[in-house]
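Q: My structure is stored as coords_5.txt, with compact mmCIF, C-alpha atoms and all ligand atoms.
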# COMPACT_ATOMS: atom_id res chain seq x y z
CA MET A 1 -45.64 -134.33 -25.50
CA PHE A 2 -47.00 -137.15 -23.34
CA ASN A 3 -43.98 -139.35 -24.12
CA ILE A 4 -41.58 -136.51 -23.45
CA ALA A 5 -43.17 -135.86 -20.07
CA ILE A 6 -42.89 -139.54 -19.05
CA THR A 7 -39.26 -139.73 -20.21
CA LEU A 8 -38.44 -136.58 -18.26
CA LYS A 9 -40.10 -137.87 -15.09
CA ILE A 10 -38.09 -141.11 -15.27
CA HIS A 11 -34.90 -139.11 -15.79
CA SER A 12 -35.66 -136.74 -12.94
CA VAL A 13 -35.96 -139.72 -10.59
CA LEU A 14 -32.75 -141.36 -11.78
CA SER A 15 -30.52 -138.47 -12.83
CA LEU A 16 -30.54 -135.34 -14.93
CA HIS A 17 -31.80 -135.66 -18.49
CA PRO A 18 -28.88 -135.99 -20.98
CA PHE A 19 -30.09 -132.76 -22.59
CA VAL A 20 -29.54 -130.96 -19.25
CA ASN A 21 -26.18 -132.61 -18.55
CA THR A 22 -24.87 -131.74 -22.01
CA LEU A 23 -25.88 -128.10 -21.68
CA LEU A 24 -24.35 -127.83 -18.20
CA ASP A 25 -21.07 -129.22 -19.63
CA TRP A 26 -21.16 -127.02 -22.70
CA TYR A 27 -21.94 -123.72 -20.96
CA PRO A 28 -18.76 -123.00 -18.94
CA GLN A 29 -16.59 -123.77 -21.95
CA HIS A 30 -18.48 -121.57 -24.43
CA LYS A 31 -20.27 -118.78 -22.57
CA ARG A 32 -19.51 -115.19 -23.50
CA ASP A 33 -17.94 -113.10 -20.80
CA LEU A 34 -20.68 -110.50 -20.28
CA PRO A 35 -20.72 -108.02 -17.40
CA TRP A 36 -24.08 -109.16 -15.98
CA ARG A 37 -23.00 -112.82 -15.89
CA ASN A 38 -20.72 -112.59 -12.87
CA THR A 39 -23.13 -111.10 -10.39
CA LYS A 40 -26.08 -112.06 -8.25
CA ASP A 41 -27.14 -108.45 -7.82
CA PRO A 42 -30.85 -108.48 -8.85
CA TYR A 43 -30.67 -104.81 -9.91
CA ILE A 44 -27.87 -105.45 -12.42
CA ILE A 45 -29.57 -108.62 -13.68
CA TRP A 46 -32.90 -106.81 -14.08
CA LEU A 47 -31.20 -103.87 -15.84
CA SER A 48 -29.49 -106.17 -18.35
CA GLU A 49 -32.66 -108.16 -19.00
CA ILE A 50 -34.78 -105.08 -19.69
CA ILE A 51 -32.15 -103.54 -21.96
CA LEU A 52 -31.63 -106.78 -23.89
CA GLN A 53 -35.31 -107.46 -24.59
CA GLN A 54 -35.79 -107.49 -28.38
CA THR A 55 -32.22 -106.21 -28.70
CA ARG A 56 -29.01 -107.94 -29.79
CA VAL A 57 -26.22 -108.15 -27.18
CA ALA A 58 -23.84 -106.11 -29.39
CA GLN A 59 -26.38 -103.28 -29.58
CA GLY A 60 -27.53 -103.45 -25.95
CA LEU A 61 -24.12 -103.79 -24.27
CA PRO A 62 -23.05 -100.11 -24.54
CA TYR A 63 -26.47 -99.05 -23.18
CA PHE A 64 -26.14 -101.45 -20.28
CA LEU A 65 -22.66 -100.11 -19.46
CA ARG A 66 -23.91 -96.51 -19.66
CA PHE A 67 -26.88 -97.17 -17.36
CA ALA A 68 -24.80 -99.20 -14.88
CA GLU A 69 -22.17 -96.46 -14.76
CA ASN A 70 -24.65 -93.58 -14.39
CA TYR A 71 -26.94 -95.45 -12.00
CA PRO A 72 -24.90 -98.04 -10.07
CA LYS A 73 -27.77 -98.62 -7.59
CA VAL A 74 -31.51 -98.81 -8.09
CA GLU A 75 -31.87 -95.65 -5.96
CA ASN A 76 -29.73 -93.68 -8.44
CA LEU A 77 -32.01 -94.68 -11.29
CA ALA A 78 -35.19 -94.08 -9.28
CA HIS A 79 -34.13 -90.53 -8.42
CA ALA A 80 -32.88 -89.61 -11.93
CA PRO A 81 -34.92 -87.06 -13.97
CA SER A 82 -37.03 -88.87 -16.56
CA GLU A 83 -35.61 -86.77 -19.40
CA GLU A 84 -32.11 -87.91 -18.50
CA VAL A 85 -33.22 -91.56 -18.52
CA MET A 86 -34.92 -91.15 -21.92
CA ARG A 87 -31.83 -89.44 -23.26
CA LEU A 88 -29.59 -92.35 -22.15
CA TRP A 89 -32.01 -94.76 -23.80
CA GLN A 90 -32.11 -92.75 -27.02
CA GLY A 91 -31.53 -94.90 -30.11
CA LEU A 92 -32.46 -98.21 -28.50
CA GLY A 93 -36.11 -98.04 -29.58
CA TYR A 94 -39.16 -99.52 -27.80
CA TYR A 95 -39.32 -96.44 -25.56
CA SER A 96 -42.09 -97.82 -23.36
CA ARG A 97 -39.38 -100.09 -21.95
CA ALA A 98 -37.38 -97.05 -20.80
CA ARG A 99 -40.44 -95.56 -19.11
CA ASN A 100 -41.21 -98.89 -17.43
CA LEU A 101 -37.57 -99.22 -16.38
CA HIS A 102 -37.77 -95.89 -14.61
CA GLU A 103 -41.18 -96.63 -13.05
CA CYS A 104 -39.97 -100.03 -11.86
CA ALA A 105 -36.89 -98.53 -10.19
CA LYS A 106 -39.13 -96.05 -8.34
CA MET A 107 -41.45 -98.89 -7.31
CA VAL A 108 -38.56 -100.96 -5.92
CA VAL A 109 -37.38 -97.96 -3.89
CA ASP A 110 -40.79 -96.70 -2.73
CA GLU A 111 -42.60 -99.98 -2.13
CA PHE A 112 -39.84 -102.52 -1.44
CA GLY A 113 -37.33 -100.37 0.46
CA GLY A 114 -34.79 -100.50 -2.38
CA ASN A 115 -34.64 -104.33 -2.46
CA PHE A 116 -35.97 -106.39 -5.33
CA PRO A 117 -38.53 -108.99 -4.19
CA GLU A 118 -36.89 -112.39 -3.85
CA ASN A 119 -39.48 -114.63 -5.41
CA TYR A 120 -40.98 -115.10 -8.84
CA LYS A 121 -44.59 -114.21 -7.97
CA GLU A 122 -43.66 -110.96 -6.23
CA LEU A 123 -41.27 -109.99 -9.02
CA LEU A 124 -44.21 -110.19 -11.43
CA GLN A 125 -45.83 -107.25 -9.61
CA LEU A 126 -43.08 -104.91 -10.78
CA LYS A 127 -43.78 -102.56 -13.67
CA GLY A 128 -42.53 -103.94 -17.00
CA VAL A 129 -41.49 -107.28 -15.46
CA GLY A 130 -43.15 -110.19 -17.25
CA THR A 131 -42.77 -113.93 -16.82
CA TYR A 132 -39.46 -114.06 -18.66
CA THR A 133 -37.73 -111.29 -16.68
CA ALA A 134 -39.18 -112.48 -13.36
CA ALA A 135 -37.87 -116.00 -14.03
CA ALA A 136 -34.45 -114.64 -14.98
CA ILE A 137 -34.11 -112.56 -11.80
CA ALA A 138 -35.56 -115.29 -9.55
CA SER A 139 -33.20 -117.96 -10.88
CA PHE A 140 -30.01 -115.94 -11.51
CA ALA A 141 -30.10 -113.79 -8.37
CA PHE A 142 -32.05 -115.91 -5.87
CA GLY A 143 -31.48 -119.50 -7.07
CA GLN A 144 -35.19 -120.27 -7.55
CA THR A 145 -36.15 -123.17 -9.79
CA VAL A 146 -38.12 -121.27 -12.42
CA ALA A 147 -37.41 -121.78 -16.11
CA VAL A 148 -36.93 -118.83 -18.45
CA VAL A 149 -38.54 -119.21 -21.84
CA ASP A 150 -37.36 -116.75 -24.48
CA GLY A 151 -36.92 -117.10 -28.24
CA ASN A 152 -33.67 -119.04 -27.79
CA VAL A 153 -35.29 -121.50 -25.40
CA PHE A 154 -38.29 -122.05 -27.71
CA ARG A 155 -35.92 -122.81 -30.57
CA VAL A 156 -33.60 -125.21 -28.75
CA LEU A 157 -36.48 -127.14 -27.12
CA SER A 158 -38.62 -127.33 -30.23
CA ARG A 159 -35.72 -128.66 -32.30
CA TYR A 160 -34.23 -131.06 -29.78
CA PHE A 161 -37.59 -132.53 -28.75
CA GLY A 162 -39.15 -132.20 -32.22
CA ILE A 163 -42.15 -130.11 -31.09
CA SER A 164 -44.08 -128.31 -33.83
CA THR A 165 -46.67 -126.47 -31.72
CA ASP A 166 -46.99 -122.79 -32.69
CA ILE A 167 -44.78 -120.87 -30.22
CA ALA A 168 -46.88 -117.71 -30.74
CA SER A 169 -50.04 -119.43 -29.44
CA PRO A 170 -50.96 -119.47 -25.72
CA ALA A 171 -51.10 -123.28 -25.81
CA GLY A 172 -47.64 -123.42 -27.36
CA LYS A 173 -46.22 -121.05 -24.78
CA ARG A 174 -47.66 -123.20 -21.97
CA GLU A 175 -46.33 -126.41 -23.50
CA PHE A 176 -42.78 -125.07 -23.76
CA GLU A 177 -42.91 -123.53 -20.28
CA ASP A 178 -44.06 -126.86 -18.81
CA LEU A 179 -41.28 -128.70 -20.60
CA ALA A 180 -38.59 -126.20 -19.52
CA ASN A 181 -39.86 -126.38 -15.92
CA MET A 182 -39.65 -130.17 -15.97
CA LEU A 183 -36.08 -130.06 -17.24
CA ILE A 184 -34.64 -127.37 -14.97
CA PRO A 185 -32.51 -128.91 -12.19
CA ASP A 186 -33.08 -127.71 -8.60
CA GLU A 187 -29.32 -127.72 -8.02
CA PHE A 188 -28.40 -125.29 -10.82
CA PRO A 189 -31.48 -123.38 -11.98
CA GLY A 190 -29.66 -120.16 -12.89
CA THR A 191 -26.84 -121.92 -14.72
CA PHE A 192 -29.28 -124.11 -16.64
CA ASN A 193 -31.35 -121.09 -17.72
CA GLN A 194 -28.26 -119.20 -18.85
CA ALA A 195 -26.89 -122.31 -20.58
CA ILE A 196 -29.97 -123.00 -22.71
CA MET A 197 -30.30 -119.33 -23.71
CA GLU A 198 -26.61 -119.10 -24.57
CA PHE A 199 -26.81 -122.35 -26.51
CA GLY A 200 -29.64 -120.91 -28.58
CA ALA A 201 -27.73 -117.67 -29.14
CA LEU A 202 -24.42 -119.28 -30.16
CA GLN A 203 -24.93 -122.86 -31.32
CA CYS A 204 -28.56 -123.56 -32.22
CA THR A 205 -29.06 -120.23 -33.99
CA PRO A 206 -32.17 -119.35 -36.03
CA LYS A 207 -30.70 -119.44 -39.54
CA SER A 208 -27.43 -121.37 -39.40
CA PRO A 209 -27.28 -123.75 -36.44
CA ASP A 210 -23.95 -125.54 -36.18
CA CYS A 211 -25.43 -129.05 -36.17
CA SER A 212 -22.24 -130.75 -37.39
CA GLU A 213 -20.38 -129.71 -34.22
CA CYS A 214 -23.36 -129.87 -31.86
CA PRO A 215 -23.01 -131.86 -28.63
CA LEU A 216 -26.80 -132.46 -28.60
CA ARG A 217 -26.85 -133.87 -32.11
CA THR A 218 -27.33 -137.55 -31.26
CA GLY A 219 -30.52 -136.90 -29.32
CA CYS A 220 -31.88 -134.06 -31.47
CA ILE A 221 -35.11 -135.05 -33.21
CA ALA A 222 -35.09 -132.12 -35.67
CA PHE A 223 -31.58 -133.09 -36.78
CA ARG A 224 -32.48 -136.75 -37.12
CA GLU A 225 -35.67 -136.02 -39.05
CA LYS A 226 -34.15 -133.18 -41.13
CA LYS A 227 -36.60 -130.64 -39.74
CA VAL A 228 -34.12 -128.14 -38.31
CA ALA A 229 -35.12 -125.37 -40.74
CA GLU A 230 -38.84 -125.91 -40.03
CA LEU A 231 -38.64 -125.53 -36.26
CA PRO A 232 -39.75 -123.71 -34.23
CA VAL A 233 -43.13 -123.00 -35.80
CA LYS A 234 -44.25 -119.40 -35.38
CA ILE A 235 -47.40 -118.18 -37.06
CA LYS A 236 -47.17 -114.44 -37.52
CA LYS A 237 -50.21 -112.24 -37.22
CA LEU A 238 -48.47 -108.91 -37.29
CA LYS A 239 -50.45 -106.09 -38.88
CA ILE A 240 -48.27 -103.24 -40.07
CA ARG A 241 -49.83 -99.79 -40.05
CA GLU A 242 -48.50 -97.10 -42.38
CA ARG A 243 -48.43 -93.47 -41.16
CA TYR A 244 -47.49 -90.24 -42.93
CA PHE A 245 -45.94 -87.41 -40.92
CA LYS A 246 -45.30 -83.90 -42.14
CA TYR A 247 -42.82 -82.17 -39.85
CA ALA A 248 -42.09 -78.46 -39.56
CA HIS A 249 -38.50 -77.68 -38.59
CA ILE A 250 -38.91 -74.10 -37.33
CA THR A 251 -35.94 -71.99 -36.29
CA CYS A 252 -35.67 -68.38 -35.18
CA GLY A 253 -32.16 -67.07 -34.55
CA ASP A 254 -30.63 -69.40 -31.97
CA PHE A 255 -33.97 -71.01 -31.10
CA ILE A 256 -35.88 -74.01 -32.40
CA VAL A 257 -39.47 -75.16 -31.91
CA VAL A 258 -39.89 -78.67 -30.46
CA LYS A 259 -42.79 -80.82 -29.35
CA LYS A 260 -42.77 -83.27 -26.48
CA ARG A 261 -44.70 -86.40 -27.43
CA GLY A 262 -47.60 -87.04 -25.10
CA GLU A 263 -49.31 -90.17 -23.86
CA GLY A 264 -51.00 -92.75 -26.02
CA ASP A 265 -48.76 -92.66 -29.07
CA ILE A 266 -45.31 -93.73 -30.15
CA TRP A 267 -42.25 -92.01 -28.64
CA GLN A 268 -44.04 -90.83 -25.51
CA GLY A 269 -41.75 -88.52 -23.52
CA LEU A 270 -39.35 -87.88 -26.43
CA PHE A 271 -39.00 -84.66 -28.39
CA ASP A 272 -39.70 -84.15 -32.07
CA PHE A 273 -41.02 -81.17 -34.09
CA PRO A 274 -44.49 -79.73 -34.70
CA MET A 275 -46.13 -82.17 -37.04
CA ALA A 276 -49.34 -83.03 -38.86
CA GLU A 277 -50.32 -86.59 -39.69
CA ILE A 278 -52.06 -87.03 -43.01
CA ALA A 279 -53.92 -89.93 -44.58
CA ASP A 280 -52.66 -89.71 -48.14
CA LYS A 281 -49.04 -90.61 -48.84
CA SER A 282 -49.07 -89.01 -52.30
CA GLN A 283 -49.63 -85.56 -50.73
CA LEU A 284 -46.83 -85.79 -48.19
CA LYS A 285 -44.27 -83.81 -50.16
CA GLU A 286 -46.54 -80.84 -51.03
CA TYR A 287 -48.70 -80.74 -47.91
CA LEU A 288 -48.32 -77.92 -45.38
CA PRO A 289 -49.79 -78.32 -41.89
CA ASP A 290 -52.66 -75.96 -40.95
CA PHE A 291 -50.53 -74.28 -38.30
CA VAL A 292 -48.26 -72.87 -41.03
CA SER A 293 -50.92 -70.28 -41.83
CA GLU A 294 -50.83 -69.17 -38.17
CA LEU A 295 -47.05 -68.93 -38.41
CA LYS A 296 -47.38 -66.73 -41.47
CA LYS A 297 -49.40 -64.22 -39.47
CA LEU A 298 -46.38 -63.70 -37.22
CA GLY A 299 -44.54 -61.87 -39.97
CA THR A 300 -41.58 -62.82 -42.09
CA LEU A 301 -41.55 -66.47 -42.92
CA ASN A 302 -39.14 -68.08 -45.28
CA VAL A 303 -39.90 -71.57 -46.50
CA GLU A 304 -36.34 -72.73 -46.82
CA LYS A 305 -36.52 -76.24 -48.16
CA SER A 306 -38.26 -79.56 -48.04
CA SER A 307 -36.43 -82.80 -47.24
CA HIS A 308 -36.67 -86.13 -49.03
CA THR A 309 -39.18 -88.57 -47.56
CA TYR A 310 -37.77 -90.68 -44.74
CA LYS A 311 -38.98 -94.22 -44.13
CA HIS A 312 -38.79 -95.38 -40.53
CA ILE A 313 -39.71 -98.92 -39.55
CA LEU A 314 -41.09 -99.87 -36.14
CA THR A 315 -42.48 -103.24 -35.07
CA HIS A 316 -46.11 -102.48 -35.88
CA GLN A 317 -45.78 -99.29 -37.88
CA ARG A 318 -44.08 -97.97 -40.96
CA ILE A 319 -43.63 -94.22 -40.80
CA PHE A 320 -43.05 -92.00 -43.82
CA ALA A 321 -41.88 -88.54 -42.85
CA ASN A 322 -41.14 -85.38 -44.75
CA PHE A 323 -39.60 -82.29 -43.18
CA VAL A 324 -40.05 -78.71 -44.26
CA MET A 325 -37.80 -76.05 -42.78
CA PHE A 326 -39.02 -72.57 -41.79
CA VAL A 327 -36.76 -69.74 -40.72
CA ILE A 328 -38.49 -66.99 -38.76
CA ASP A 329 -36.90 -63.56 -38.54
CA PRO A 330 -35.33 -63.09 -35.04
CA SER A 331 -37.32 -59.85 -34.61
CA GLN A 332 -40.43 -62.08 -34.27
CA ILE A 333 -39.07 -64.11 -31.34
CA LYS A 334 -41.61 -62.86 -28.79
CA GLN A 335 -44.57 -63.53 -31.09
CA LEU A 336 -43.15 -66.96 -31.92
CA ASN A 337 -42.72 -67.74 -28.23
CA ASP A 338 -46.37 -66.81 -27.56
CA TRP A 339 -47.49 -68.92 -30.48
CA THR A 340 -45.49 -72.00 -29.46
CA LYS A 341 -46.90 -71.85 -25.92
CA ALA A 342 -50.46 -71.43 -27.17
CA SER A 343 -49.98 -74.33 -29.62
CA GLY A 344 -48.57 -76.78 -27.08
CA PHE A 345 -45.02 -76.62 -28.51
CA GLN A 346 -41.82 -75.41 -26.85
CA LEU A 347 -39.21 -72.90 -27.95
CA VAL A 348 -35.74 -74.02 -26.86
CA GLU A 349 -32.23 -72.81 -27.54
CA SER A 350 -30.84 -74.85 -30.42
CA TYR A 351 -27.81 -76.10 -28.47
CA LYS A 352 -30.16 -77.66 -25.90
CA LEU A 353 -31.70 -79.90 -28.55
CA GLU A 354 -28.66 -82.17 -28.30
CA ALA A 355 -29.48 -82.99 -24.68
CA LEU A 356 -33.14 -83.84 -25.31
CA GLY A 357 -34.21 -87.44 -25.97
CA LYS A 358 -35.30 -87.75 -29.59
CA PRO A 359 -36.67 -90.59 -31.75
CA ARG A 360 -34.20 -92.14 -34.17
CA LEU A 361 -36.10 -90.65 -37.11
CA ILE A 362 -35.41 -87.12 -35.84
CA LEU A 363 -31.74 -87.94 -35.16
CA LYS A 364 -31.39 -89.23 -38.71
CA TYR A 365 -32.89 -86.05 -40.15
CA LEU A 366 -30.76 -83.76 -37.95
CA ASN A 367 -27.63 -85.69 -38.92
CA ASP A 368 -28.45 -85.20 -42.59
CA GLU A 369 -28.92 -81.48 -41.98
CA LYS A 370 -25.51 -80.98 -40.37
S1 LIG B 401 -28.30 -130.61 -33.71
FE1 LIG B 401 -28.68 -128.65 -34.67
S2 LIG B 401 -30.85 -128.32 -34.36
FE2 LIG B 401 -30.27 -129.93 -32.95
S3 LIG B 401 -29.80 -128.86 -31.05
FE3 LIG B 401 -27.90 -129.07 -32.18
S4 LIG B 401 -27.67 -127.16 -33.34
FE4 LIG B 401 -29.80 -127.32 -32.67
Rewrite the coordinates I just gave you, this time as structure tokens.
Ligand code: SF4

A:
Amino acid sequence: MFNIAITLKIHSVLSLHPFVNTLLDWYPQHKRDLPWRNTKDPYIIWLSEIILQQTRVAQGLPYFLRFAENYPKVENLAHAPSEEVMRLWQGLGYYSRARNLHECAKMVVDEFGGNFPENYKELLQLKGVGTYTAAAIASFAFGQTVAVVDGNVFRVLSRYFGISTDIASPAGKREFEDLANMLIPDEFPGTFNQAIMEFGALQCTPKSPDCSECPLRTGCIAFREKKVAELPVKIKKLKIRERYFKYAHITCGDFIVVKKRGEGDIWQGLFDFPMAEIADKSQLKEYLPDFVSELKKLGTLNVEKSSHTYKHILTHQRIFANFVMFVIDPSQIKQLNDWTKASGFQLVESYKLEALGKPRLILKYLNDEK
């Protein structure tokens, strides 16, 4: 690292580092034409960055277009009902991002008069805006010399400069941020940031980098030392938790019972069904939640059928879910309504379910039931 820093300092006095020059040449010829690339509007840049976090461009693009069309200005998003925002986000996962997106839009309107702050430090005060997003907005929209460091940047830098520090460690993160901030040219900070990220996404990809056609090949240490597949180094410490959900799909005539997920758990703000979480996976199929006995007191209750067990994978959790369907006689609608209210559930007309934001697991089940 010491040698790299000295080399970079000498280059910054004389000219741009060849790494920088090559990327700046490569970028205009190869960049993808994406709708957020041709603007300096901080709102559009912020929107695209939040939507694309942990999401591939192909998956995120339709969501970006939908949000930009429905909410062309930050004020439109700030004033939208939260259920509408969650519904538009439905299927993209990581729902805390959608809640932060909405909170951040309100913050920009209420506290900054509808204008995004123009510098990196102030941008960091916004809800859901971390160092990466703040650097992206500051450099793309306001021309500030702040390097973005995302997974693509880690990969390109670690391979080209042959750095094997763990990118998941705080020390590793600092080392790569320092290096990127030494490289970034004052004249073209936004273009450089976009170029290195695009290079990582298209050329120096995780599994099959195109080294034979790479314009950085002659200076690339990983290529020279045959360490491309080993870099970057990322030591995973992810603990996966398994959870077992038993859902009750309760209908009564044209109505269905739903539950809005509350704070402090996955899917906050989305709608699923009354559910009990159990500890033993082997009992999932046979188990009936305690509230079923209360339902039985209401009168006629037909246990229609039980679904197969669904497996739903989230970043830190693996969810196994089984659904059992109950059909209540329409003559019991009033009693059912009283019960749902008392139990913290909601009785809604079935056609309205479509418009409610739901986790992907519930969508999958409903699709199978069609
Ligand atoms: S030579 Fe290969 S590893 Fe090195 S920068 Fe190019 S694509 Fe990446």

Q: Would you please work out which residue, of A:His316, A:His249, A:Arg155, A:His79, is nearest to ligand LIG 401 (chain B) when using only C-alpha atoms and all ligand atoms?

A: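 Of A:His316, A:His249, A:Arg155, A:His79, the one nearest ligand LIG 401 (chain B), counting only C-alpha atoms and all ligand atoms, is A:Arg155.
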
Q: For ligand LIG 401 (chain B), which residue among A:Pro35, A:Pro209, A:Gly130, A:Gly60 is the nearest when counting all atoms listed in the file?

A: A:Pro209

Q: May I have the residues within 9 Å of ligand LIG 401 (chain B), computed using only C-alpha atoms and all ligand atoms, as a PyMOL selection string?

A: chain A and resi 155-161+199-200+203-206+208-224+226-229+231

Q: I need the residues from that last selection saved to file as an mmCIF file, in the frame of the given file (with C-alpha atoms), if you can.

A:
data_model
loop_
_atom_site.group_PDB
_atom_site.id
_atom_site.type_symbol
_atom_site.label_atom_id
_atom_site.label_comp_id
_atom_site.auth_asym_id
_atom_site.auth_seq_id
_atom_site.Cartn_x
_atom_site.Cartn_y
_atom_site.Cartn_z
ATOM 1 C CA ARG A 155 -35.920 -122.810 -30.570
ATOM 2 C CA VAL A 156 -33.600 -125.210 -28.750
ATOM 3 C CA LEU A 157 -36.480 -127.140 -27.120
ATOM 4 C CA SER A 158 -38.620 -127.330 -30.230
ATOM 5 C CA ARG A 159 -35.720 -128.660 -32.300
ATOM 6 C CA TYR A 160 -34.230 -131.060 -29.780
ATOM 7 C CA PHE A 161 -37.590 -132.530 -28.750
ATOM 8 C CA PHE A 199 -26.810 -122.350 -26.510
ATOM 9 C CA GLY A 200 -29.640 -120.910 -28.580
ATOM 10 C CA GLN A 203 -24.930 -122.860 -31.320
ATOM 11 C CA CYS A 204 -28.560 -123.560 -32.220
ATOM 12 C CA THR A 205 -29.060 -120.230 -33.990
ATOM 13 C CA PRO A 206 -32.170 -119.350 -36.030
ATOM 14 C CA SER A 208 -27.430 -121.370 -39.400
ATOM 15 C CA PRO A 209 -27.280 -123.750 -36.440
ATOM 16 C CA ASP A 210 -23.950 -125.540 -36.180
ATOM 17 C CA CYS A 211 -25.430 -129.050 -36.170
ATOM 18 C CA SER A 212 -22.240 -130.750 -37.390
ATOM 19 C CA GLU A 213 -20.380 -129.710 -34.220
ATOM 20 C CA CYS A 214 -23.360 -129.870 -31.860
ATOM 21 C CA PRO A 215 -23.010 -131.860 -28.630
ATOM 22 C CA LEU A 216 -26.800 -132.460 -28.600
ATOM 23 C CA ARG A 217 -26.850 -133.870 -32.110
ATOM 24 C CA THR A 218 -27.330 -137.550 -31.260
ATOM 25 C CA GLY A 219 -30.520 -136.900 -29.320
ATOM 26 C CA CYS A 220 -31.880 -134.060 -31.470
ATOM 27 C CA ILE A 221 -35.110 -135.050 -33.210
ATOM 28 C CA ALA A 222 -35.090 -132.120 -35.670
ATOM 29 C CA PHE A 223 -31.580 -133.090 -36.780
ATOM 30 C CA ARG A 224 -32.480 -136.750 -37.120
ATOM 31 C CA LYS A 226 -34.150 -133.180 -41.130
ATOM 32 C CA LYS A 227 -36.600 -130.640 -39.740
ATOM 33 C CA VAL A 228 -34.120 -128.140 -38.310
ATOM 34 C CA ALA A 229 -35.120 -125.370 -40.740
ATOM 35 C CA LEU A 231 -38.640 -125.530 -36.260
#

Q: Using all atoms listed in the file, which of A:Trp46, A:Phe345, A:Trp36, A:Tyr95 sits nearest Ala135 of chain A?

A: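 Closest candidate: A:Trp46.
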
Q: For Pro42 of chain A, find every residue with an atom within 12 Å (counting all atoms listed in the file), except residues of its own chain fewer than 6 positions away, and show them as a PyMOL selection string.

A: chain A and resi 36+48-49+73-74+105+108+114-119+123+133-143

Q: Using only C-alpha atoms, please write the residues we just selected to a file, as an mmCIF file, keeping the file's coordinate frame.

A:
data_model
loop_
_atom_site.group_PDB
_atom_site.id
_atom_site.type_symbol
_atom_site.label_atom_id
_atom_site.label_comp_id
_atom_site.auth_asym_id
_atom_site.auth_seq_id
_atom_site.Cartn_x
_atom_site.Cartn_y
_atom_site.Cartn_z
ATOM 1 C CA TRP A 36 -24.080 -109.160 -15.980
ATOM 2 C CA SER A 48 -29.490 -106.170 -18.350
ATOM 3 C CA GLU A 49 -32.660 -108.160 -19.000
ATOM 4 C CA LYS A 73 -27.770 -98.620 -7.590
ATOM 5 C CA VAL A 74 -31.510 -98.810 -8.090
ATOM 6 C CA ALA A 105 -36.890 -98.530 -10.190
ATOM 7 C CA VAL A 108 -38.560 -100.960 -5.920
ATOM 8 C CA GLY A 114 -34.790 -100.500 -2.380
ATOM 9 C CA ASN A 115 -34.640 -104.330 -2.460
ATOM 10 C CA PHE A 116 -35.970 -106.390 -5.330
ATOM 11 C CA PRO A 117 -38.530 -108.990 -4.190
ATOM 12 C CA GLU A 118 -36.890 -112.390 -3.850
ATOM 13 C CA ASN A 119 -39.480 -114.630 -5.410
ATOM 14 C CA LEU A 123 -41.270 -109.990 -9.020
ATOM 15 C CA THR A 133 -37.730 -111.290 -16.680
ATOM 16 C CA ALA A 134 -39.180 -112.480 -13.360
ATOM 17 C CA ALA A 135 -37.870 -116.000 -14.030
ATOM 18 C CA ALA A 136 -34.450 -114.640 -14.980
ATOM 19 C CA ILE A 137 -34.110 -112.560 -11.800
ATOM 20 C CA ALA A 138 -35.560 -115.290 -9.550
ATOM 21 C CA SER A 139 -33.200 -117.960 -10.880
ATOM 22 C CA PHE A 140 -30.010 -115.940 -11.510
ATOM 23 C CA ALA A 141 -30.100 -113.790 -8.370
ATOM 24 C CA PHE A 142 -32.050 -115.910 -5.870
ATOM 25 C CA GLY A 143 -31.480 -119.500 -7.070
#

Q: Rank A:Arg174, A:Asn152, A:Leu16, A:Ile167 by their smallest atom-to-atom distance to Asp186 of chain A, using only C-alpha atoms, and report the top residue only.

A: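 The shortest atom-to-atom distance to Asp186 of chain A comes from A:Leu16.
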
Q: With distances taken over all atoms listed in the file, which of A:Gln332, A:Gln317, A:Ser293, A:Thr191 is nearest to Asp25 of chain A?

A: A:Thr191

Q: Might you pull out every residue within 10 Å of Glu187 of chain A, with all atoms listed in the file counted and same-chain residues fewer than 5 positions away left off, and present them as a PyMOL selection string?

A: chain A and resi 143-145+192

Q: Return as JSON the centre and edge lengths, in Å with one decimal, of the box along x, y and z that encloses every atom of segment 102-112 of chain A in the file, padded by 8 Å per side.

A:
{"center_x": -39.7, "center_y": -99.2, "center_z": -8.0, "size_x": 21.7, "size_y": 22.6, "size_z": 29.2}

Q: Go through A:Lys31, A:Lys121, A:Arg99, A:Lys237 and flag the residue nearest Glu83 of chain A, using only C-alpha atoms for the distances.

A: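 Closest candidate: A:Arg99.
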
Q: As an exercise, work out the distance from atom CA of Lys239 of chain A to atom CA of Phe320 of chain A in Å and give it to one decimal place.

A: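 Between atom CA of Lys239 of chain A and atom CA of Phe320 of chain A the gap works out to 16.7 Å.
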
Q: If I take atom CA of His102 of chain A and atom CA of Gln125 of chain A, how far is one from the other in Å, to one decimal?

A: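 Those two atoms sit 14.8 Å apart.
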
Q: Do you know which residues are at most 9 Å from Val20 of chain A counting all atoms listed in the file, after dropping those on the same chain fewer than 6 positions away, and could you put them as a VMD selection string?

A: chain A and resid 183 to 185 192 196

Q: Store the residues picked out above in a file with C-alpha atoms, as a short mmCIF file (atom, residue, chain, number, x, y, z; two decimals), in the coordinates of the input.

A:
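Listed below is the output, part-v8.cif:
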data_model
loop_
_atom_site.label_atom_id
_atom_site.label_comp_id
_atom_site.auth_asym_id
_atom_site.auth_seq_id
_atom_site.Cartn_x
_atom_site.Cartn_y
_atom_site.Cartn_z
CA LEU A 183 -36.08 -130.06 -17.24
CA ILE A 184 -34.64 -127.37 -14.97
CA PRO A 185 -32.51 -128.91 -12.19
CA PHE A 192 -29.28 -124.11 -16.64
CA ILE A 196 -29.97 -123.00 -22.71
#

Q: Would you compute the distance between atom CA of Ile51 of chain A and atom CA of Leu65 of chain A? Give it in Å to one decimal.

A: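 Interatomic distance, atom CA of Ile51 of chain A to atom CA of Leu65 of chain A: 10.4 Å.
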